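Here the structure is laid out as structure tokens; the discussion comes afterwards.
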There are 8 protein chains.
Amino acid sequence: MNTQTLLDLLEKIKQHTLSPQEAVTQINGMLSSYLGFAEVDVHRGLRTGFPEVIFCQNKTGEQILGIAQEISKHAAQILLTRANSTTAEILRSRFSSVRFYEQSGVIVIGPPVKGTGRVTVVSAGTSDIPVAEEAAVTAGAAGANVQTYWDIGVAGIHRLFSKIDALRQSRVIVAVAGMDGALASVIAGLVSCPVIAVPTSVGYGAHLNGIAPLLTMLNSCAPGVTVVNIDNGFGAGYTAALINRLGE
Amino acid sequence: MNTQTLLDLLEKIKQHTLSPQEAVTQINGMLSSYLGFAEVDVHRGLRTGFPEVIFCQNKTGEQILGIAQEISKHAAQILLTRANSTTAEILRSRFSSVRFYEQSGVIVIGPPVKGTGRVTVVSAGTSDIPVAEEAAVTAGAAGANVQTYWDIGVAGIHRLFSKIDALRQSRVIVAVAGMDGALASVIAGLVSCPVIAVPTSVGYGAHLNGIAPLLTMLNSCAPGVTVVNIDNGFGAGYTAALINRLGE
Amino acid sequence: MNTQTLLDLLEKIKQHTLSPQEAVTQINGMLSSYLGFAEVDVHRGLRTGFPEVIFCQNKTGEQILGIAQEISKHAAQILLTRANSTTAEILRSRFSSVRFYEQSGVIVIGPPVKGTGRVTVVSAGTSDIPVAEEAAVTAGAAGANVQTYWDIGVAGIHRLFSKIDALRQSRVIVAVAGMDGALASVIAGLVSCPVIAVPTSVGYGAHLNGIAPLLTMLNSCAPGVTVVNIDNGFGAGYTAALINRLGE
Amino acid sequence: MNTQTLLDLLEKIKQHTLSPQEAVTQINGMLSSYLGFAEVDVHRGLRTGFPEVIFCQNKTGEQILGIAQEISKHAAQILLTRANSTTAEILRSRFSSVRFYEQSGVIVIGPPVKGTGRVTVVSAGTSDIPVAEEAAVTAGAAGANVQTYWDIGVAGIHRLFSKIDALRQSRVIVAVAGMDGALASVIAGLVSCPVIAVPTSVGYGAHLNGIAPLLTMLNSCAPGVTVVNIDNGFGAGYTAALINRLGE
Amino acid sequence: MNTQTLLDLLEKIKQHTLSPQEAVTQINGMLSSYLGFAEVDVHRGLRTGFPEVIFCQNKTGEQILGIAQEISKHAAQILLTRANSTTAEILRSRFSSVRFYEQSGVIVIGPPVKGTGRVTVVSAGTSDIPVAEEAAVTAGAAGANVQTYWDIGVAGIHRLFSKIDALRQSRVIVAVAGMDGALASVIAGLVSCPVIAVPTSVGYGAHLNGIAPLLTMLNSCAPGVTVVNIDNGFGAGYTAALINRLGE
Amino acid sequence: MNTQTLLDLLEKIKQHTLSPQEAVTQINGMLSSYLGFAEVDVHRGLRTGFPEVIFCQNKTGEQILGIAQEISKHAAQILLTRANSTTAEILRSRFSSVRFYEQSGVIVIGPPVKGTGRVTVVSAGTSDIPVAEEAAVTAGAAGANVQTYWDIGVAGIHRLFSKIDALRQSRVIVAVAGMDGALASVIAGLVSCPVIAVPTSVGYGAHLNGIAPLLTMLNSCAPGVTVVNIDNGFGAGYTAALINRLGE
Amino acid sequence: MNTQTLLDLLEKIKQHTLSPQEAVTQINGMLSSYLGFAEVDVHRGLRTGFPEVIFCQNKTGEQILGIAQEISKHAAQILLTRANSTTAEILRSRFSSVRFYEQSGVIVIGPPVKGTGRVTVVSAGTSDIPVAEEAAVTAGAAGANVQTYWDIGVAGIHRLFSKIDALRQSRVIVAVAGMDGALASVIAGLVSCPVIAVPTSVGYGAHLNGIAPLLTMLNSCAPGVTVVNIDNGFGAGYTAALINRLGE
Amino acid sequence: MNTQTLLDLLEKIKQHTLSPQEAVTQINGMLSSYLGFAEVDVHRGLRTGFPEVIFCQNKTGEQILGIAQEISKHAAQILLTRANSTTAEILRSRFSSVRFYEQSGVIVIGPPVKGTGRVTVVSAGTSDIPVAEEAAVTAGAAGANVQTYWDIGVAGIHRLFSKIDALRQSRVIVAVAGMDGALASVIAGLVSCPVIAVPTSVGYGAHLNGIAPLLTMLNSCAPGVTVVNIDNGFGAGYTAALINRLGE
């Protein structure tokens with residue numbers, strides 16, 4: 001709590017230009033602001049310019065609609081993850097701008113944002129696209145200019161190399177891979193920007209539902225790689241947008 | 001490989017201003033550059049402005065000295081990790097500027113770099129300092145202005161809150177924690193910049209040598225957190241410097 | 001077996017005021033009581049004043065009704081866990097006081113108990129409510145005055161701080177959290193009563209169905225935390241009631 | 001922050017009986033108190049009547065002495081865990097009352113506390129005594145009247161039964177066991193107070209350094225059991241003292 | 001291969017009382033018998049006096065019937081595990097003696113065997129009965145006199161003690177338990193015969209589908225315990241019958 | 001990139017027999033060939049003489065048909081894994097030669113290949129046949145002469161010994177086993193060719209969905225064994241064909 | 001507690017042939033005997049005819065000598081496990097018959113027992129001998145006639161087959177194996193007696209210190225196998241002796 | 001056992017040109033040969049043309065010398081793994097040709113073998129060289145022409161590409177990698193021969209002593225990869241030689 005601001009406020013009481021009751025309200029507000037409470041609630045405007053987020057899993061379409069209507073009173077843009085087409089239909093009955101991304105189950109409400117900078121999202125295989133799309137749409141909704149390249153895993157490494165210029169023009173890269181998860185290491189060895197690695201649950205047997213690529217990525221022999229939870233496209237896209245914004 | 005550049009080069013052959021033999025050399029160079037080979041070798045100048053890195057574990061002082069002397073021919077700054085005081089002594093016999101960080105075992109050779117931006121490195125406990133210092137020195141050597149706060153874990157959460165303004169002025173935060181690893185989640189809920197979480201092996205029993213805080217951090221309920229390997233202060237500091245640089 | 005009591009009894013035989021046959025019965029009873037057998041059967045009145053418990057999973061509604069009717073002959077209150085609305089309907093046809101808690105699937109039969117002391121149950125997220133409610137209803141049925149706060153996880157830490165006075169007035173706190181499980185550590189750092197931590201299976205990927213918050217909680221950097229099995233709201237509520245009762 | 005208290009204070013400013021400068025100081029104090037900061041620092045008086053704690057591992061005897069002297073300025077009693085006899089000697093040179101518990105490596109500085117209530121600490125085997133003693137000494141230093149029974153594991157269950165009366169007179173029991181960890185379940189089935197289970201790393205092979213008894217205890221078929229980390233005698237003793245104190 | 005027998009056979013060739021062609025057949029038979037091949041095929045008469053076994057999982061009723069009819073040509077008794085009531089119906093259309101055990105899904109075809117010796121099978125809880133019944137029926141079909149006690153787990157340890165005489169009259173005990181799996185250790189501490197411990201998958205969370213009681217049992221602090229796979233009632237009953245037979 | 005070839009090409013420019021534009025195309029082609037790109041794309045002709053492969057899981061019959069028709073333009077043979085009978089029907093409507101292997105869900109399109117050499121595929125149990133068949137069909141489609149023996153696991157080891165001559169005539173053996181996975185070690189101890197071990201997910205409890213036989217095989221006490229992922233019949237058959245081809 | 005015996009005793013009081021005081025003592029004795037307490041203490045005569053056991057790990061030679069002298073007052077034979085040659089020397093100074101088994105670190109005090117029946121102990125490799133010898137010496141000291149075969153693992157399976165007659169004459173077999181642990185399954189498929197499998201920690205990498213053969217053995221495809229903890233030669237030998245004794 | 005050969009032999013008895021006693025010896029020999037016993041003993045001539053192998057770990061120099069002298073009576077070449085320089089010295093005192101490979105601790109006794117074919121062994125980092133050298137020396141001693149490339153991991157992928165022609169001329173490649181283990185996948189995507197992947201224990205934290213690269217390799221997205229145990233250079237080199245030999 002800024003001492004000078006508090007002192008100024010208390011001076012006003014002394015000079016009878018502010019009542020103690022009003023001051024209590026203002027001090028509580030300052031306290032709240034001091035702790036950053038107005039900003040930190042994950043359900044009420046996490047970071048300036050970022051969309052509000054609703055996790056739809058285990059919620060009915062009606063519940064989601066209710067929350068979305070409440071949020072829309074103060075937020076221009078809403079991001080919904082783990083949603084489905086039924087929910088999209090329900091939302092379309094009340095909102096004019098509803099974009100539904102089928103593979104990832106992401107919905108964005110609100111006018112499209114013109115992205116800045118460059119976040120590149122790549123997937124190793126076609127089965128990783130749902131997670132990769134979640135990352136791409138999240139980053140885009142959070143203000144990033146997003147480029148995507150699907151199915152460029154290391155089994156056919158020329159597919160990756162043909163995108164090398166685009167990769168090098170990125171501020172941050174999100175590398176999504178299941179199976180052996182080797183993609184993140186290879187990319188990090190070729191570029192000079194941060195790489196956010198997302199292991200996916202695509203695989204079987206000793207893949208252990210994503211533990212295998214998670215470990216691969218945590219042990220990357222190339223520096224510059226950080227990792228998020230298995231299938232956490234949202235977290236990767238969100239952090240990528242945070243990093244991308246630093247370049248403004 | 002840029003098509004226009006190649007075409008220009010071939011035109012010169014056609015016009016006999018370049019011999020085919022010379023062209024072969026140039027084309028090979030272009031190919032090499034196309035693949036970014038000159039840049040990507042982890043032992044020869046990873047990224048512009050970043051120090052060369054020597055991992056000292058399992059190397060003798062003499063071997064390290066030899067490598068350092070070789071590198072010093074083309075690099076202004078060298079970072080050595082997992083080193084000890086004996087190695088520092090040996091290096092001091094040949095280099096004029098050798099800084100040895102005792103807790104983390106990091107050595108930096110070369111004139112101090114004036115950092116820019118702001119990377120904040122925090123540790124949950126005093127036992128986490130070796131890893132945190134490795135992160136801080138690495139980020140500093142890679143050009144970041146680094147701020148550090150040790151022993152501000154969540155068991156005494158007011159210690160964390162008293163640093164909240166400093167945390168919020170960071171471009172990126174490195175949160176180093178063993179035990180329950182809860183620090184990263186709590187910080188990410190309070191700031192609007194990316195948080196790189198570093199689990200440490202500090203703990204016992206069900207801590208599983210760092211697996212416990214690693215899992216905690218991967219499952220952070222606050223977005224904006226990415227994770228590196230257990231005790232990987234170097235990787236966190238390195239990536240933090242990459243992110244910090246975007247803010248220039 | 002109390003020696004004096006036994007001696008007194010044997011004296012009566014000697015004085016022919018008690019027949020050996022009657023003494024055998026009494027000695028067997030003393031033996032049984034010595035071993036605490038009358039008290040310890042989990043299905044027949046575990047602890048004085050505590051309800052009988054029926055685990056409903058894998059039992060039909062009819063089977064549950066039968067068991068409940070049998071128990072009701074000697075117990076004033078019955079707690080049923082992992083039940084559903086169909087079972088609640090069946091029970092209502094025979095019992096006058098049947099409260100069904102839908103989210104947790106807990107049923108309480110018998111007149112409401114007026115609670116004493118203070119057990120506070122908190123959940124980190126809304127998805128943790130089923131487990132948290134199981135804890136709260138269990139503690140309440142076992143005689144505790146229960147206070148609940150849902151969705152006050154560390155991602156928006158001001159939500160937790162606004163409940164700090166209530167938390168500090170508790171005799172014992174049950175902290176229910178999935179994801180990173182950081183809530184228990186943060187609370188234990190702020191209060192001076194015991195904290196029972198309940199990890200939940202809410203999460204995905206490296207969450208490992210609750211192993212991640214379980215490890216977090218076992219490694220809490222703040223003392224005063226003990227832990228129960230993943231999703232074991234019943235066990236936490238039960239133990240909380242045992243502790244709360246000590247304050248009478 | 002209590003609204004009425006704040007209002008009263010601001011009224012004083014209005015009435016010029018308090019200067020704004022003085023008020024700033026008082027408001028900062030109230031804020032600090034509101035967040036409980038004075039109480040929660042783990043190194044400065046965790047809970048009223050509880051000793052200060054120093055973890056000695058990785059600290060030199062001189063460092064420990066320095067910390068102890070600093071703490072002794074404001075605290076009557078200091079508990080040191082993971083210490084050794086050398087440290088005890090050094091401390092004895094400056095403090096008059098130094099008790100060293102050899103098996104557990106615990107040191108208590110300060111006049112013995114007369115315990116109240118009843119905490120019973122039991123160990124399954126003789127190899128579990130170091131951990132059990134850490135629990136017992138901790139609970140005692142924190143004001144509990146402590147009873148201990150070593151080597152009463154379930155392999156010779158009559159040893160346990162011969163202590164049944166003592167167990168039943170406890171407010172809380174700490175059950176310390178390695179190997180199969182079955183002791184906690186058996187005890188919890190025989191008593192009506194809370195049982196804190198401490199798995200130890202005593203065992204080999206599929207014992208996995210304590211994971212086996214940890215899992216056993218988390219899955220206890222008898223309710224009333226909560227669990228702490230492997231070998232965490234301190235945590236168990238500390239929490240037992242917290243619970244025991246409720247009985248005053 | 002017995003040298004004398006072979007020599008005798010070859011002598012017959014020399015004396016022209018056996019043709020070389022016939023000798024080849026006999027030698028091959030001796031070789032087969034030498035290696036025990038006639039006995040060891042798991043689907044054709046494993047051990048003298050033991051029933052043939054059909055694992056029904058993933059087989060249609062018709063397939064099972066076909067196999068049973070084939071086996072019945074040379075075997076008096078057939079044991080079918082993991083079967084269901086439909087299969088029992090189909091078998092009853094062709095076989096006169098078909099006993100179906102509903103809880104375990106075991107079917108026995110053939111006249112009841114009069115058991116000898118004493119195998120005691122106990123279960124800790126009612127949910128463990130399916131696995132325990134599989135063990136009991138298997139041991140019975142293999143010629144053992146089987147005694148069963150269900151729901152005598154350690155949470156209510158007097159239930160176990162009231163069976164102590166019966167347990168002590170056993171040649172071998174099969175102890176089936178999920179949850180904490182403590183039953184096997186407690187029993188082994190009370191009897192002087194071998195105990196075969198069967199962990200079950202009954203539990204949740206940190207039970208890890210049976211890994212918890214499996215580890216408990218492998219780490220039993222009482223000697224005399226050996227362990228089979230999770231839910232492997234068949235294996236335990238089979239081995240119990242082998243051991244029981246030694247007592248004849 | 002072959003220097004002489006490049007030089008020759010550049011000479012043609014010099015001599016004006018090749019235009020720079022045409023040369024750019026050829027150089028790009030050489031570059032691509034240098035990196036092996038034409039060969040390495042897993043969807044376009046991995047290795048000479050090997051079929052193209054389509055993984056059918058999560059694809060509709062129509063999608064698969066489209067891909068197959070596209071591939072058939074340049075490939076004589078197509079292998080489809082994880083397919084079903086519906087897909088087989090759809091493919092039969094357009095292709096004349098469609099073989100569907102029901103147990104493994106493998107489809108081969110194209111005229112049967114006459115195999116060479118000898119790959120032997122064995123399964124330990126009947127439940128392992130789906131994986132074993134996937135290996136056998138894959139190796140066959142890739143040009144190997146394949147021999148198969150099902151249900152010859154070590155529980156009835158004479159079944160294995162009766163195939164010993166056939167095993168010894170193999171260039172490479174694929175050993176498929178769930179349960180204890182012991183088959184691979186036993187075979188490797190009896191033959192002098194490489195053994196590719198395939199653990200399967202057939203088992204329960206401590207089998208951990210195939211982790212048990214995977215570990216068994218990785219720890220084989222007989223040299224000559226290499227291992228693939230759990231249930232990865234395709235990978236084993238593919239590598240076996242690669243090895244078999246070396247014998248030509 | 002036998003009712004008739006108790007009644008008889010009480011009758012004596014009635015007839016004044018027994019004083020109540022004396023009866024109290026006798027009843028306590030009967031109670032103790034009822035619970036089997038005299039027999040079950042692991043340190044005081046576990047089972048009739050079995051040696052007393054001292055685990056020497058973490059005990060000094062002097063401590064061990066003291067315990068041994070105490071035990072020798074009532075026991076003819078003492079078995080010491082995890083001992084060393086120094087301890088053997090110390091014991092030899094006081095006891096006349098001390099046999100020290102160097103590889104396993106087992107000591108037996110007392111006149112050699114003439115064994116009966118047949119327990120066969122086999123090891124897969126030479127590195128497994130320490131564990132196997134512990135099993136063999138334990139079984140021998142407990143009264144079994146023991147036969148041992150070392151280094152007959154499945155990598156050279158003829159070594160195993162040449163012992164097949166001996167194996168088949170056993171009442172029970174203890175199979176000790178590290179690496180892949182396949183030995184137990186193969187033996188169980190060849191004999192008709194129970195097999196106790198002992199995994200050892202001999203191996204590296206994915207052997208996980210014995211977890212690999214432990215899982216192999218728990219998943220044995222041949223029935224008749226039960227398993228003890230990794231390196232638990234004592235437990236296997238002890239149980240083998242219990243089983244062997246049934247054959248008398 | 002070949003029927004015709006046996007028949008021929010028996011005919012000789014019939015014709016009195018062979019005595020039954022001599023025939024017994026020959027039949028036993030045939031039986032032995034039938035089972036391949038002469039070949040399969042891992043310590044006595046595993047495969048034709050392959051060296052004998054001695055694992056030196058836990059053996060004294062004298063013991064190793066004794067074994068080597070015994071083996072040298074019938075074998076031209078001996079391979080010793082996990083040896084040290086002291087052992088090499090001892091062996092040099094008796095054998096004329098002793099090559100000691102310091103990094104891997106491998107010793108080869110006997111005249112150098114001229115290799116055929118081509119086995120290429122590559123390591124990702126310099127720390128992986130000990131394991132890689134073990135593979136290379138083993139393959140060479142078993143008759144392969146071996147090519148090695150150290151430190152060509154994917155972090156600097158141009159180092160790998162510059163060796164691409166050499167890699168493609170191999171019959172089989174052994175890829176040795178710790179850290180993320182990505183090397184095997186990348187290589188397998190570029191070549192058309194089998195790749196044997198060897199994970200190493202080089203790494204820390206979530207590397208889990210080699211489990212991370214082991215899982216990476218088992219989940220390789222490029223076909224043609226098989227895997228051996230962590231640090232098992234011997235097994236990889238041995239199998240590579242077996243495969244290489246097929247190309248003769």
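Here's how to read the names in the structure tokens: chain A, B, ... by the order shown, residue numbers from 1 in each chain, ligand numbers from 1 in the order shown.
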
**Test item, alpha helix (DSSP H) assignment across segment 20-176 of chain G, answer as an MDAnalysis selection string** = chainID G and resid 20:34 37:40 61:72 85:92 129:141 157:161 164:168

**Item:** Expected answer as a PyMOL selection string: strand (DSSP E) residues in segment 26-243 of chain F
**Value:** chain F and resi 52-55+78-81+98-101+106-109+116-123+144-149+172-177+195-199+225-227

Next, write the just-selected residues to a file, as a CSV table (one decimal), in the first residue's frame, keeping N, CA and C atoms as the atom set.
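Okay, again-v5.csv is ready:
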```csv
chain,number,residue,atom,x,y,z
F,52,GLU,N,3.3,-48.6,-48.1
F,52,GLU,CA,2.9,-47.4,-47.4
F,52,GLU,C,2.0,-47.9,-46.2
F,53,VAL,N,2.0,-47.0,-45.2
F,53,VAL,CA,1.3,-47.4,-44.0
F,53,VAL,C,0.2,-46.3,-43.6
F,54,ILE,N,-1.0,-46.8,-43.3
F,54,ILE,CA,-2.0,-45.9,-42.8
F,54,ILE,C,-2.5,-46.4,-41.4
F,55,PHE,N,-2.4,-45.5,-40.4
F,55,PHE,CA,-2.9,-45.8,-39.1
F,55,PHE,C,-4.4,-45.4,-39.0
F,78,ILE,N,-0.4,-51.3,-49.8
F,78,ILE,CA,-0.7,-50.4,-48.7
F,78,ILE,C,-1.0,-51.3,-47.5
F,79,LEU,N,-0.5,-50.9,-46.3
F,79,LEU,CA,-0.7,-51.6,-45.1
F,79,LEU,C,-1.5,-50.7,-44.2
F,80,LEU,N,-2.7,-51.2,-43.7
F,80,LEU,CA,-3.5,-50.4,-42.8
F,80,LEU,C,-3.5,-51.1,-41.4
F,81,THR,N,-3.2,-50.4,-40.4
F,81,THR,CA,-3.2,-51.0,-39.0
F,81,THR,C,-4.4,-50.4,-38.2
F,98,VAL,N,-7.9,-56.9,-51.4
F,98,VAL,CA,-8.0,-56.4,-50.0
F,98,VAL,C,-8.0,-57.5,-49.0
F,99,ARG,N,-6.9,-57.7,-48.3
F,99,ARG,CA,-6.9,-58.8,-47.3
F,99,ARG,C,-7.1,-58.2,-45.9
F,100,PHE,N,-8.1,-58.7,-45.2
F,100,PHE,CA,-8.4,-58.2,-43.8
F,100,PHE,C,-8.1,-59.3,-42.8
F,101,TYR,N,-7.2,-58.9,-41.8
F,101,TYR,CA,-6.8,-59.8,-40.8
F,101,TYR,C,-7.6,-59.4,-39.5
F,106,VAL,N,-5.6,-55.7,-39.1
F,106,VAL,CA,-4.7,-55.2,-40.2
F,106,VAL,C,-5.3,-55.5,-41.5
F,107,ILE,N,-5.1,-54.5,-42.4
F,107,ILE,CA,-5.6,-54.7,-43.8
F,107,ILE,C,-4.4,-54.5,-44.7
F,108,VAL,N,-4.3,-55.4,-45.8
F,108,VAL,CA,-3.3,-55.2,-46.8
F,108,VAL,C,-3.9,-55.1,-48.1
F,109,ILE,N,-3.6,-54.0,-48.8
F,109,ILE,CA,-4.1,-53.8,-50.2
F,109,ILE,C,-3.0,-54.0,-51.2
F,116,THR,N,10.7,-63.6,-48.8
F,116,THR,CA,12.1,-64.2,-48.9
F,116,THR,C,12.6,-64.4,-47.4
F,117,GLY,N,13.7,-65.1,-47.3
F,117,GLY,CA,14.3,-65.3,-46.0
F,117,GLY,C,13.4,-66.0,-45.0
F,118,ARG,N,13.4,-65.7,-43.7
F,118,ARG,CA,12.6,-66.3,-42.7
F,118,ARG,C,12.5,-65.4,-41.5
F,119,VAL,N,11.3,-64.9,-41.2
F,119,VAL,CA,11.0,-64.3,-40.0
F,119,VAL,C,10.0,-65.2,-39.2
F,120,THR,N,10.3,-65.5,-38.0
F,120,THR,CA,9.4,-66.4,-37.2
F,120,THR,C,8.8,-65.5,-36.1
F,121,VAL,N,7.4,-65.5,-36.1
F,121,VAL,CA,6.7,-64.8,-35.1
F,121,VAL,C,6.0,-65.8,-34.1
F,122,VAL,N,6.3,-65.7,-32.8
F,122,VAL,CA,5.7,-66.6,-31.9
F,122,VAL,C,4.9,-65.8,-30.8
F,123,SER,N,3.8,-66.4,-30.3
F,123,SER,CA,3.1,-65.8,-29.2
F,123,SER,C,3.1,-66.7,-28.0
F,144,ALA,N,8.9,-60.3,-46.2
F,144,ALA,CA,9.5,-61.4,-45.5
F,144,ALA,C,8.7,-62.7,-45.6
F,145,ASN,N,9.3,-63.8,-45.7
F,145,ASN,CA,8.7,-65.1,-45.6
F,145,ASN,C,8.5,-65.3,-44.1
F,146,VAL,N,7.2,-65.4,-43.7
F,146,VAL,CA,6.9,-65.4,-42.3
F,146,VAL,C,6.3,-66.7,-41.8
F,147,GLN,N,6.8,-67.2,-40.7
F,147,GLN,CA,6.3,-68.5,-40.1
F,147,GLN,C,5.7,-68.1,-38.7
F,148,THR,N,4.6,-68.6,-38.3
F,148,THR,CA,4.1,-68.3,-37.0
F,148,THR,C,3.8,-69.5,-36.1
F,149,TYR,N,4.0,-69.3,-34.9
F,149,TYR,CA,3.6,-70.3,-33.9
F,149,TYR,C,2.9,-69.7,-32.7
F,172,VAL,N,15.5,-63.9,-38.0
F,172,VAL,CA,15.1,-63.1,-36.9
F,172,VAL,C,13.8,-63.6,-36.3
F,173,ILE,N,13.6,-63.5,-35.0
F,173,ILE,CA,12.4,-64.0,-34.4
F,173,ILE,C,11.7,-62.9,-33.6
F,174,VAL,N,10.4,-62.8,-33.8
F,174,VAL,CA,9.6,-61.8,-33.0
F,174,VAL,C,8.9,-62.6,-31.9
F,175,ALA,N,9.2,-62.3,-30.7
F,175,ALA,CA,8.6,-63.1,-29.5
F,175,ALA,C,7.6,-62.2,-28.8
F,176,VAL,N,6.3,-62.5,-28.9
F,176,VAL,CA,5.2,-61.7,-28.4
F,176,VAL,C,4.7,-62.4,-27.1
F,177,ALA,N,4.7,-61.6,-26.0
F,177,ALA,CA,4.3,-62.2,-24.7
F,177,ALA,C,3.7,-61.2,-23.8
F,195,VAL,N,16.5,-61.6,-31.6
F,195,VAL,CA,15.1,-61.7,-31.1
F,195,VAL,C,14.5,-60.4,-30.8
F,196,ILE,N,13.4,-60.0,-31.4
F,196,ILE,CA,12.7,-58.8,-31.1
F,196,ILE,C,11.6,-59.1,-30.2
F,197,ALA,N,11.6,-58.6,-29.0
F,197,ALA,CA,10.6,-58.9,-28.0
F,197,ALA,C,9.5,-57.9,-28.0
F,198,VAL,N,8.2,-58.4,-28.0
F,198,VAL,CA,7.1,-57.5,-27.9
F,198,VAL,C,6.2,-57.8,-26.7
F,199,PRO,N,6.3,-56.9,-25.7
F,199,PRO,CA,5.4,-57.1,-24.5
F,199,PRO,C,4.0,-56.8,-24.9
F,225,VAL,N,18.5,-59.9,-27.4
F,225,VAL,CA,17.1,-59.4,-27.3
F,225,VAL,C,17.0,-57.9,-27.4
F,226,THR,N,16.2,-57.4,-28.3
F,226,THR,CA,15.9,-56.0,-28.3
F,226,THR,C,14.4,-55.9,-28.1
F,227,VAL,N,13.9,-54.7,-27.7
F,227,VAL,CA,12.5,-54.6,-27.3
F,227,VAL,C,11.8,-53.5,-28.0
```

**Item:** Test item: chain F residues at most 10 Å from chain G, counting only C-alpha atoms, as a ChimeraX atom specification
**Value:** /F:124-125,153-158,178-190,203-208,211-223

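Atom pair atom CA of Asn229 of chain C / atom CA of Ser201 of chain C has a distance of 10.3 Å (rounded to one decimal).
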
**Item:** Point-to-point distance in Å for atom CA of Lys163 of chain B and atom CA of Ala135 of chain B
**Value:** 18.9 Å
